[in-house]
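Listing of upload-v9.txt, compact mmCIF, C-alpha atoms
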```
# COMPACT_ATOMS: atom_id res chain seq x y z
CA MET A 309 103.09 -18.61 -2.76
CA ASN A 310 103.20 -22.24 -1.64
CA GLY A 311 103.51 -23.59 1.87
CA VAL A 312 104.30 -27.32 2.01
CA TYR A 313 104.44 -30.02 4.67
CA ALA A 314 105.80 -33.47 3.75
CA SER A 315 105.72 -36.48 6.05
CA SER A 316 108.81 -38.53 6.84
CA SER A 317 109.95 -40.81 4.02
CA GLU A 318 112.73 -43.18 5.04
CA GLN A 319 114.58 -43.34 1.70
CA TRP A 320 113.34 -40.22 -0.10
CA LYS A 321 116.86 -38.89 -0.77
CA GLN A 322 117.97 -42.23 -2.23
CA GLY A 323 115.35 -41.85 -4.96
CA ASN A 324 115.96 -40.47 -8.42
CA MET A 325 114.37 -37.04 -7.79
CA ASN A 326 112.16 -37.17 -10.86
CA GLY A 327 113.94 -39.67 -13.07
CA ILE A 328 116.58 -37.34 -14.50
CA GLY A 329 118.35 -35.53 -11.68
CA LYS A 330 118.29 -32.14 -9.98
CA PRO A 331 116.36 -30.15 -9.07
CA GLY A 332 113.75 -32.90 -8.96
CA ASN A 333 110.71 -32.15 -6.85
CA VAL A 334 111.42 -28.50 -6.14
CA ILE A 335 108.76 -27.69 -3.56
CA VAL A 336 108.90 -31.08 -1.77
CA PRO A 337 111.55 -30.94 1.01
CA ASN A 338 114.62 -32.91 -0.11
CA THR A 339 115.02 -34.75 3.18
CA ASN A 340 113.93 -38.08 4.66
CA ASN A 341 112.52 -36.25 7.69
CA ALA A 342 109.07 -34.77 8.15
CA SER A 343 109.63 -31.19 7.07
CA PHE A 344 108.13 -27.86 6.02
CA ASN A 345 109.04 -25.89 2.89
CA ASN A 346 107.83 -22.93 0.87
CA ASP A 347 108.43 -21.20 -2.44
CA GLU A 348 107.38 -17.95 -4.04
CA ALA A 349 107.03 -16.70 -7.59
CA LEU A 350 106.67 -13.17 -8.91
CA TRP A 351 105.45 -12.19 -12.39
CA ILE A 352 106.04 -8.68 -13.69
CA SER A 353 104.56 -7.71 -17.04
CA SER A 354 103.63 -4.59 -18.96
CA GLU A 355 101.84 -3.94 -22.23
CA LEU A 356 103.79 -1.23 -24.04
CA GLY A 357 101.21 -0.32 -26.64
CA ASP A 358 98.94 -2.61 -28.66
CA LYS A 359 101.65 -4.95 -29.96
CA LEU A 360 104.50 -5.06 -27.42
CA LEU A 361 104.53 -7.03 -24.16
CA VAL A 362 107.41 -7.27 -21.70
CA MET A 363 107.37 -10.01 -19.07
CA MET A 364 109.60 -11.39 -16.30
CA GLU A 365 109.07 -14.41 -14.02
CA LEU A 366 111.20 -14.81 -10.90
CA HIS A 367 111.13 -17.73 -8.44
CA ILE A 368 112.55 -17.75 -4.93
CA VAL A 369 113.19 -21.42 -4.16
CA ASN A 370 115.35 -23.74 -2.10
CA ASP A 371 118.63 -25.09 -3.36
CA PRO A 372 118.01 -28.88 -3.47
CA SER A 373 120.97 -29.36 -1.14
CA GLY A 374 119.28 -27.17 1.50
CA SER A 375 122.65 -25.62 2.33
CA GLY A 376 122.04 -22.26 0.67
CA ALA A 377 123.16 -20.86 -2.67
CA ALA A 378 122.28 -17.18 -2.39
CA GLY A 379 121.32 -16.78 1.24
CA PRO A 380 120.51 -18.51 4.53
CA GLY A 381 118.04 -21.36 4.67
CA GLY A 382 119.02 -22.69 1.26
CA ILE A 383 117.37 -19.83 -0.64
CA THR A 384 118.28 -19.21 -4.27
CA PHE A 385 116.80 -17.12 -7.10
CA VAL A 386 115.71 -18.58 -10.44
CA LEU A 387 114.79 -16.43 -13.45
CA THR A 388 112.57 -18.62 -15.62
CA GLU A 389 111.29 -15.98 -18.06
CA ALA A 390 112.55 -12.56 -19.14
CA ASN A 391 111.51 -11.61 -22.66
CA PHE A 392 109.60 -9.26 -24.88
CA ARG A 393 106.86 -10.34 -27.29
CA TYR A 394 105.96 -8.29 -30.38
CA GLU A 395 102.87 -9.06 -32.45
CA LEU A 396 103.74 -8.94 -36.15
CA ILE A 397 100.37 -10.15 -37.52
CA LYS A 398 97.43 -9.90 -35.12
CA ASP A 399 96.67 -13.34 -33.64
CA TYR A 400 98.59 -15.21 -36.34
CA LEU A 401 102.26 -14.37 -35.68
CA ALA A 402 104.22 -12.94 -32.77
CA VAL A 403 107.95 -13.02 -32.09
CA SER A 404 109.64 -13.16 -28.67
CA MET A 405 113.27 -12.81 -27.68
CA GLY A 406 114.94 -13.53 -24.35
CA THR A 407 114.56 -16.30 -21.78
CA PHE A 408 111.41 -18.44 -21.74
CA TRP A 409 110.08 -21.84 -20.69
CA SER A 410 110.67 -24.68 -23.13
CA VAL A 411 107.85 -24.83 -25.67
CA PHE A 412 107.96 -28.64 -25.86
CA GLY A 413 104.86 -30.29 -24.39
CA ILE A 414 102.93 -29.28 -21.27
CA GLN A 415 105.05 -30.95 -18.55
CA ASN A 416 106.70 -27.65 -17.56
CA GLN A 417 103.39 -26.61 -16.01
CA ASP A 418 104.04 -29.15 -13.25
CA TRP A 419 107.06 -27.15 -12.06
CA LEU A 420 104.72 -24.33 -11.04
CA GLY A 421 103.42 -25.43 -7.63
CA ALA A 422 100.13 -23.53 -7.76
CA GLN A 423 99.29 -25.03 -11.18
CA ASN A 424 100.39 -28.60 -10.42
CA LEU A 425 97.41 -30.77 -9.47
CA PHE A 426 99.71 -32.74 -7.14
CA SER A 427 102.85 -31.51 -5.37
CA THR A 428 105.28 -34.03 -6.87
CA MET A 429 106.69 -33.91 -10.39
CA PRO A 430 105.52 -36.83 -12.57
CA MET A 431 108.31 -39.33 -13.21
CA ALA A 432 107.10 -39.34 -16.83
CA SER A 433 108.50 -35.86 -17.36
CA GLY A 434 111.97 -37.39 -17.05
CA ALA A 435 111.68 -38.59 -20.64
CA TYR A 436 112.47 -35.02 -21.64
CA LEU A 437 114.55 -32.16 -20.22
CA THR A 438 111.95 -31.25 -17.69
CA HIS A 439 113.31 -28.23 -15.86
CA PHE A 440 114.46 -26.42 -18.98
CA ASN A 441 114.39 -22.73 -19.81
CA GLU A 442 115.66 -21.60 -23.18
CA LYS A 443 117.43 -18.46 -24.36
CA GLY A 444 116.65 -17.55 -27.91
CA LEU A 445 113.89 -16.73 -30.39
CA ARG A 446 110.26 -17.86 -30.13
CA LEU A 447 107.36 -17.62 -32.61
CA ASP A 448 103.69 -18.22 -31.76
CA GLY A 449 100.19 -17.65 -33.09
CA HIS A 450 96.64 -18.98 -33.04
CA PHE A 451 93.43 -19.22 -35.10
CA GLU A 452 89.87 -19.96 -33.97
CA ARG A 453 86.41 -20.08 -35.55
CA ASN A 454 83.07 -21.61 -34.46
CA GLY A 455 84.54 -23.60 -31.59
CA TRP A 456 87.43 -24.94 -33.68
CA GLY A 457 90.98 -23.68 -33.57
CA PHE A 458 94.68 -24.34 -33.39
CA ASN A 459 97.77 -22.70 -31.98
CA TYR A 460 101.48 -23.15 -32.49
CA VAL A 461 104.73 -22.17 -30.84
CA MET A 462 108.30 -22.87 -31.93
CA SER A 463 111.69 -21.83 -30.66
CA LEU A 464 115.33 -21.80 -31.66
CA GLY A 465 117.82 -21.29 -28.85
CA ASN A 466 121.20 -21.95 -27.30
CA GLY A 467 120.20 -25.40 -26.10
CA PHE A 468 121.84 -27.24 -23.23
CA ASN A 469 124.51 -29.82 -22.49
CA ALA A 470 122.95 -32.10 -19.85
CA TYR A 471 119.65 -33.85 -19.12
CA ASP A 472 118.90 -31.74 -16.03
CA ILE A 473 119.06 -28.11 -14.90
CA SER A 474 122.88 -28.18 -14.85
CA GLY A 475 122.72 -28.12 -18.66
CA TYR A 476 121.01 -24.71 -18.80
CA ASN A 477 123.73 -22.23 -19.79
CA SER A 478 123.92 -18.53 -20.52
CA PHE A 479 125.52 -19.05 -23.92
CA ASP A 480 125.75 -21.60 -26.73
CA LEU A 481 128.62 -23.83 -25.63
CA ASN A 482 128.53 -26.52 -28.32
CA SER A 483 127.96 -24.69 -31.66
CA ASN A 484 124.53 -26.24 -32.09
CA SER A 485 121.14 -24.56 -31.65
CA THR A 486 118.18 -26.50 -30.26
CA PHE A 487 114.78 -26.55 -31.98
CA ASN A 488 111.49 -27.18 -30.16
CA THR A 489 107.88 -26.86 -31.28
CA ARG A 490 104.34 -27.65 -30.17
CA VAL A 491 101.23 -27.49 -32.38
CA SER A 492 97.82 -28.08 -30.82
CA VAL A 493 94.27 -28.32 -32.09
CA PHE A 494 90.88 -27.55 -30.52
CA PRO A 495 88.55 -29.96 -32.40
CA GLY A 496 85.16 -28.32 -32.07
CA LEU A 497 84.61 -28.19 -28.29
CA GLN A 498 86.11 -24.73 -27.83
CA LYS A 499 88.61 -24.85 -24.93
CA ASP A 500 87.19 -28.05 -23.43
CA LEU A 501 89.35 -30.31 -25.61
CA ASN A 502 92.92 -29.59 -26.66
CA ILE A 503 95.33 -32.07 -28.29
CA GLY A 504 98.99 -31.14 -28.74
CA PHE A 505 101.92 -32.55 -30.72
CA SER A 506 105.54 -31.67 -29.90
CA TYR A 507 108.96 -32.22 -31.43
CA GLY A 508 112.48 -31.27 -30.38
CA ASN A 509 116.06 -31.96 -31.37
CA GLY A 510 119.54 -30.71 -30.62
CA LEU A 511 123.05 -31.56 -29.50
CA LEU A 512 123.64 -32.12 -25.80
CA PHE A 513 127.43 -32.18 -26.06
CA LYS A 514 130.26 -32.99 -28.44
CA GLN A 515 132.79 -35.74 -27.91
CA ASP A 516 135.52 -35.02 -25.36
CA LEU A 517 138.60 -36.84 -26.64
CA ASN A 518 140.21 -36.50 -23.21
CA ALA A 519 137.36 -38.35 -21.50
CA SER A 520 137.50 -42.02 -20.57
CA VAL A 521 136.65 -44.30 -23.51
CA ASP A 522 134.11 -46.00 -21.23
CA SER A 523 132.27 -42.78 -20.41
CA GLN A 524 129.31 -41.07 -22.06
CA GLU A 525 131.45 -37.97 -22.65
CA PHE A 526 133.54 -39.92 -25.20
CA PHE A 527 130.63 -39.69 -27.66
CA ASP A 528 128.79 -37.00 -29.58
CA ASN A 529 125.37 -36.86 -27.90
CA ASN A 530 122.43 -35.79 -30.09
CA PHE A 531 118.84 -36.04 -28.87
CA GLU A 532 115.44 -36.19 -30.54
CA ALA A 533 112.08 -36.12 -28.76
CA TYR A 534 108.39 -36.49 -29.63
CA GLY A 535 105.41 -35.59 -27.46
CA LEU A 536 101.65 -36.03 -27.44
CA ASP A 537 99.41 -34.33 -24.86
CA ALA A 538 95.71 -33.82 -24.22
CA LEU A 539 93.45 -31.81 -21.94
CA TRP A 540 89.76 -32.76 -21.87
CA LYS A 541 87.09 -31.15 -19.69
CA ILE A 542 83.64 -32.73 -19.50
CA ASN A 543 81.44 -30.58 -17.26
CA ASP A 544 83.15 -30.93 -13.84
CA LEU A 545 85.46 -33.80 -14.89
CA LYS A 546 88.96 -32.92 -16.09
CA VAL A 547 91.49 -35.27 -17.69
CA ARG A 548 95.08 -34.24 -18.41
CA SER A 549 97.68 -36.54 -19.98
CA TYR A 550 100.95 -36.60 -21.90
CA LEU A 551 103.27 -39.08 -23.59
CA ILE A 552 106.95 -38.33 -24.25
CA SER A 553 109.39 -40.45 -26.26
CA SER A 554 113.02 -39.45 -26.66
CA THR A 555 116.36 -40.84 -27.87
CA GLN A 556 119.91 -39.87 -27.07
CA LYS A 557 122.09 -40.95 -30.00
CA LEU A 558 125.70 -41.44 -28.87
CA THR A 559 128.21 -41.70 -31.70
CA ASN A 560 131.96 -41.81 -32.18
CA SER A 561 134.23 -43.20 -34.86
CA ASN A 562 133.78 -46.75 -33.59
CA GLU A 563 130.21 -47.24 -32.42
CA THR A 564 126.70 -45.87 -31.99
CA ILE A 565 124.55 -46.29 -28.89
CA ASP A 566 120.88 -45.30 -28.62
CA LEU A 567 119.50 -44.48 -25.17
CA ASN A 568 115.70 -44.46 -25.31
CA ALA A 569 113.20 -43.06 -22.83
CA LEU A 570 109.42 -43.31 -22.66
CA GLY A 571 107.20 -41.52 -20.17
CA TRP A 572 103.42 -41.44 -19.79
CA MET A 573 101.29 -39.52 -17.28
CA SER A 574 97.54 -39.27 -16.83
CA GLU A 575 95.63 -37.47 -14.10
CA VAL A 576 91.91 -37.12 -13.43
CA SER A 577 90.07 -34.65 -11.19
CA TYR A 578 86.40 -33.97 -10.50
CA ARG A 579 85.04 -30.73 -9.08
CA ILE A 580 82.26 -31.03 -6.47
CA ASN A 581 80.75 -27.62 -5.79
CA THR A 582 79.83 -27.11 -2.13
CA ASN A 583 78.29 -23.61 -2.38
CA GLY A 584 80.58 -22.18 0.25
CA LYS A 585 79.66 -24.60 3.05
CA LEU A 586 82.26 -24.58 5.84
CA GLY A 587 84.05 -21.84 3.89
CA ILE A 588 84.90 -24.22 1.01
CA ASP A 589 83.80 -23.44 -2.55
CA ALA A 590 84.60 -26.88 -3.99
CA ILE A 591 86.14 -30.27 -3.15
CA ILE A 592 88.19 -31.84 -5.93
CA PRO A 593 89.10 -35.56 -5.70
CA LYS A 594 92.16 -36.33 -7.81
CA PHE A 595 94.09 -39.34 -9.14
CA ARG A 596 97.38 -39.58 -11.04
CA TYR A 597 99.36 -42.46 -12.51
CA ASP A 598 102.60 -42.14 -14.42
CA PHE A 599 105.64 -44.19 -15.39
CA LEU A 600 109.11 -43.68 -16.83
CA ASP A 601 111.18 -46.27 -18.69
CA LYS A 602 114.60 -44.72 -19.29
CA ALA A 603 117.77 -46.44 -20.50
CA GLU A 604 121.01 -45.23 -18.92
CA PHE A 605 124.55 -45.32 -20.30
CA ASP A 606 125.47 -47.58 -17.39
CA PRO A 607 123.08 -50.60 -17.60
CA GLN A 608 123.29 -50.96 -13.82
CA LEU A 609 121.49 -47.62 -13.50
CA SER A 610 118.63 -48.44 -15.88
CA ASP A 611 115.29 -48.64 -14.15
CA LYS A 612 111.57 -48.27 -14.53
CA TYR A 613 109.65 -45.93 -12.26
CA GLN A 614 105.96 -45.75 -11.43
CA THR A 615 104.07 -43.27 -9.29
CA THR A 616 100.47 -43.47 -8.13
CA GLY A 617 98.94 -40.43 -6.44
CA LEU A 618 95.60 -40.03 -4.73
CA GLY A 619 94.18 -37.04 -2.86
CA LEU A 620 91.83 -34.09 -2.48
CA ASN A 621 92.06 -30.40 -3.31
CA PHE A 622 89.94 -27.92 -1.38
CA GLN A 623 89.11 -24.74 -3.33
CA ILE A 624 88.60 -22.30 -0.46
CA GLN A 625 88.22 -19.31 -2.78
CA ASN A 626 89.35 -18.47 -6.30
CA ASN A 627 92.90 -17.73 -5.18
CA PHE A 628 93.36 -20.21 -2.31
CA ILE A 629 93.76 -23.99 -2.64
CA LEU A 630 94.57 -26.58 0.02
CA SER A 631 96.04 -29.73 -1.55
CA VAL A 632 96.32 -33.11 0.20
CA ASP A 633 97.84 -36.15 -1.50
CA TYR A 634 99.67 -39.40 -0.90
CA ASN A 635 102.21 -40.65 -3.42
CA TRP A 636 103.24 -44.29 -3.86
CA ILE A 637 106.59 -44.51 -5.73
CA ASN A 638 107.80 -47.81 -7.15
CA GLU A 639 111.24 -48.62 -8.62
CA GLU A 640 111.64 -51.82 -10.61
CA LYS A 641 115.19 -52.83 -9.65
CA ILE A 642 115.80 -51.30 -6.22
CA GLN A 643 112.70 -51.04 -4.06
CA LEU A 644 112.90 -47.94 -1.87
CA ASN A 645 110.75 -46.90 1.06
CA ASN A 646 110.08 -43.42 -0.35
CA ASP A 647 106.29 -43.09 -0.46
CA ARG A 648 105.14 -39.73 0.91
CA PHE A 649 102.17 -37.75 2.23
CA ILE A 650 102.18 -34.07 1.22
CA LEU A 651 100.04 -31.15 2.35
CA ARG A 652 100.25 -27.89 0.36
CA ALA A 653 98.56 -24.50 0.59
CA SER A 654 98.75 -22.38 -2.59
CA VAL A 655 97.74 -18.74 -2.70
CA ASN A 656 97.93 -16.40 -5.70
CA PHE A 657 97.04 -12.76 -6.18
```
Can you turn what I pasted into structure tokens?
Amino acid sequence: MNGVYASSSEQWKQGNMNGIGKPGNVIVPNTNNASFNNDEALWISSELGDKLLVMMELHIVNDPSGSGAAGPGGITFVLTEANFRYELIKDYLAVSMGTFWSVFGIQNQDWLGAQNLFSTMPMASGAYLTHFNEKGLRLDGHFERNGWGFNYVMSLGNGFNAYDISGYNSFDLNSNSTFNTRVSVFPGLQKDLNIGFSYGNGLLFKQDLNASVDSQEFFDNNFEAYGLDALWKINDLKVRSYLISSTQKLTNSNETIDLNALGWMSEVSYRINTNGKLGIDAIIPKFRYDFLDKAEFDPQLSDKYQTTGLGLNFQIQNNFILSVDYNWINEEKIQLNNDRFILRASVNF
């Protein structure tokens, strides 16, 4: 469970959410006013024998409009995972079927409020389909020995037809499956250093011959994406970073247009143990910088975004964190007054 307070931010709603569209910063109130918000998540899982695992993840969140999609107060339900996993070869190969988080990169972790070091989504994640849950088939496995190891995960699914959550559909609507994979290595420091490589490709949508010839819909839209990520822990210092590069290739019988995006995020935190003084187990200073450079079909919309975040996390006990941060947001073309202070309490059990 997350409880959030965000200060007033004069032009917050005029911003680009997180660089790609809705739902943007899910747990941050989508209003210019000082406001409170909350969200909840429930995981249900069961091991049915030695090889079979069934798992479901359900989120109760606000509709970004705040007007309500499934109930009063803007509450709506989001099913982000619902699948079974069967281990074919112990450790080396397991197969899953159902709904699951995208396996590309590590940016999806930032959608989970209690796992996000800050409360805002990095703009950098906008270089890929950030809030994306796939329906399909997933394979994964791992190997480790003497502090070294690697793991892999790959998926083939229905795909999507837009660069935000509106493109997540129940069925394959464009006769083209989407492939995603991430392979990571642990180069000799056990779990203290992990480096991952990701790749994805698919078809967003086919050409609509009835669309305006000046619109993006008048093209076939294929995408390809590459990712690099790293997590490095040195005693009480933790560094987490990712780089995402993607291209939308728009083609029709007359022309080809490439829309490129590049996003980079890096965050650093340091744990200061306080031995329970004042009821606090640890104080964690934190810093984040990220940017997004994303070409748009309409050149007037193209922009570069930068976010700088600074704050403190207070680990009150293993399952209770109080997060305080201030976020400076900078747009290259249109300067908005949308910086924001955010206070968040996260509790898990």
Open item on the list: With all atoms listed in the file as the counted atoms, please give the residues lying no more than 8 Å from segment 639-642 of chain A, apart from itself and same-chain residues fewer than 4 positions off, as a ChimeraX atom specification.
Closed with: /A:611-614
Open item on the list: Nearest residue to Asn562 of chain A out of A:Ser410, A:Ile542, A:Phe527, A:Ser574, using all atoms listed in the file?
Closed with: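 For Asn562 of chain A, the nearest of the candidates is A:Phe527.
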Open item on the list: For a cutoff of 7 Å around the file-coordinate point (101.5, -44.1, -12.6), which residues qualify once you count only C-alpha atoms? I'd like the result as a PyMOL selection string.
Closed with: chain A and resi 573+596-599+614-616
TODO: Take atom CA of Ala390 of chain A and atom CA of Gly444 of chain A and report the distance between them in Å, one decimal.
DONE: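 These atoms are spaced 10.9 Å apart.
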Within 8 Å of segment 545-548 of chain A, which residues of segment 559-637 of chain A show up? Give each one with its shortest atom-to-atom distance in Å (one decimal) and the two atoms involved, counting all atoms listed in the file, rows by chain then rising residue number, as CSV.
```
residue,atom,partner,partner_atom,distance
A:Ser574,CA,A:Arg548,CA,5.8
A:Glu575,CA,A:Arg548,CA,5.4
A:Val576,CA,A:Val547,CA,4.7
A:Ser577,CA,A:Lys546,CA,5.3
A:Tyr578,CA,A:Leu545,CA,4.5
A:Arg579,CA,A:Leu545,CA,6.6
```
- [ ] Identify which of the residues A:Ile503, A:Ile335, A:Ile592, A:Leu366 lies closest to Ser549 of chain A, counting all atoms listed in the file when measuring atom-to-atom distances.
- [x] A:Ile503
